[in-house]
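Visitor: Questions regarding the structure given below will be posed in turn.
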Amino acid sequence: MKSILGGALSIACGLLTIFAGAEFYKTLRFSDLVSTAARAENGRSISQSAMQRAVTLALELEQSNGCREDLVMPAVTIMLRAVDEAAQQPDLSAWVDTLTRADRYMKFALGCSPKEGNYWLRFAMLRRLQGENTAELAALMSLSSKYAPVEPDVLSLRMRVWLSLQPVTRSAAASALASDLAHFLQHAPAQDIKDFALTTDMDMQSRLIDARRK
């Protein structure tokens, strides 16, 4: 019995070692992706070659169905940065291709983490670039609000996206928007609330007044 148990433990330890080694290799493999994403998030400049390398690694991660959150999140940053950069270029076809690729990538990211409110928000932002489909955007924004109701960075960005949407889309997601406004008024810094109020249109002003009354 001892020998059987000892053999089983040896096999388990061996498998754990192999798994740990594989994960360590993956960490090293995608280190350029992570570091480039960190630079993007900090607003630092990124060379074209570094961006191309990071995009290639992001696509490699997608093709391998690698759902490690510490890699998928940086890859999302890179794919969205690529869309922003392509929008600055005169080549419309290249921008559409980049947008389509990022759209597909967000579906992959959501498949990995369907309860990640930040991903639903980023997906909404991408879809907004393709036109304002009221029902779709209302659903995406509502999912973002549901899964990331009070995360400061996500909520702050979501409020800016609400401002960019048409009143009809806001009405289609009225419950989620009302919840976001309540959380925003409760948790956001006073200056952020003041700045937001100064940029609202009449529809949003009315919703903001209602939220303050509650």
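Just so we're on the same page: first chain in the structure tokens is A, next is B, and so on; residues restart at 1 for each chain, and ligands are numbered from 1 in the order they show up.
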Excluding same-chain residues fewer than 4 positions from stretch 42-49 of chain A, what lies within 12 Å of it counting only C-alpha atoms, as a list in words?
Guide: Asp32, Leu33, Ser35, Thr36, Ala37, Ala38, Arg53, Ala54, Val55, Thr56, Thr77, Ile78, Arg81, Ala82, Glu85 and Ala86 of chain A
Visitor: Got time to write the residues from that selection, C-alpha atoms, as a JSON list (two decimals), in the first residue's frame?
Guide:
[["chain", "number", "residue", "atom", "x", "y", "z"],
["A", 32, "ASP", "CA", 6.72, 41.50, -23.89],
["A", 33, "LEU", "CA", 2.94, 41.63, -24.15],
["A", 35, "SER", "CA", 5.32, 45.04, -20.36],
["A", 36, "THR", "CA", 4.03, 46.80, -23.50],
["A", 37, "ALA", "CA", 0.49, 46.87, -22.08],
["A", 38, "ALA", "CA", 1.83, 48.39, -18.87],
["A", 53, "ARG", "CA", 5.15, 42.24, -31.36],
["A", 54, "ALA", "CA", 2.53, 42.71, -28.63],
["A", 55, "VAL", "CA", -0.36, 42.31, -31.08],
["A", 56, "THR", "CA", 1.20, 39.13, -32.44],
["A", 77, "THR", "CA", -5.24, 46.72, -23.57],
["A", 78, "ILE", "CA", -3.01, 46.09, -26.57],
["A", 81, "ARG", "CA", -4.55, 50.50, -28.29],
["A", 82, "ALA", "CA", -4.10, 49.10, -31.79],
["A", 85, "GLU", "CA", -3.62, 53.95, -33.36],
["A", 86, "ALA", "CA", -5.23, 52.67, -36.56]]
Visitor: Which neighbours of A:Lys146 fall inside 9 Å, counting only C-alpha atoms, when residues of the same chain fewer than 2 positions from it are skipped, and could you give them as a PDB file with C-alpha atoms, in the first residue's frame?
Guide:
ATOM      1  CA  LYS A 115     -18.398  38.265 -15.422  1.00  0.00           C
ATOM      2  CA  GLY A 117     -17.527  44.163 -16.211  1.00  0.00           C
ATOM      3  CA  MET A 141     -23.632  48.626 -20.849  1.00  0.00           C
ATOM      4  CA  SER A 142     -26.092  46.920 -18.519  1.00  0.00           C
ATOM      5  CA  LEU A 143     -23.831  43.879 -18.241  1.00  0.00           C
ATOM      6  CA  SER A 144     -20.866  46.094 -17.462  1.00  0.00           C
ATOM      7  CA  ALA A 148     -18.528  46.093 -12.167  1.00  0.00           C
ATOM      8  CA  PRO A 149     -20.954  48.405 -10.376  1.00  0.00           C
ATOM      9  CA  ALA A 176     -28.406  50.338 -15.346  1.00  0.00           C
TER      10      ALA A 176
END
Visitor: Quick one: distance from atom CA of A:Ser164 to atom CA of A:Ala94 in Å, one decimal?
Guide: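 We find that atom CA of A:Ser164 and atom CA of A:Ala94 lie 24.6 Å from each other.
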Visitor: Would you kindly return, as a ChimeraX atom specification, each protein, DNA or RNA residue with an atom no farther than 10 Å from any atom of stretch 132-136 of chain A, considering only C-alpha atoms and excluding same-chain residues fewer than 5 positions away?
Guide: /A:124,127,141-142,165-173
Visitor: A:Val34, A:Cys112, A:Leu208, A:Leu57: which is nearest A:Leu185, counting only C-alpha atoms?
Guide: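 Comparing A:Val34, A:Cys112, A:Leu208, A:Leu57 against A:Leu185, the winner is A:Leu208.
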Visitor: Mind giving me the straight-line distance from atom CA of A:Leu121 to atom CA of A:Leu99 in Å, one decimal?
Guide: 15.4 Å
Visitor: With only C-alpha atoms as the atoms that count, which of A:Asp180, A:Glu69, A:Glu62, A:Asp192 lies nearest to A:Tyr105?
Guide: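 Looking at the shortest contact to A:Tyr105, the residue is A:Glu62.
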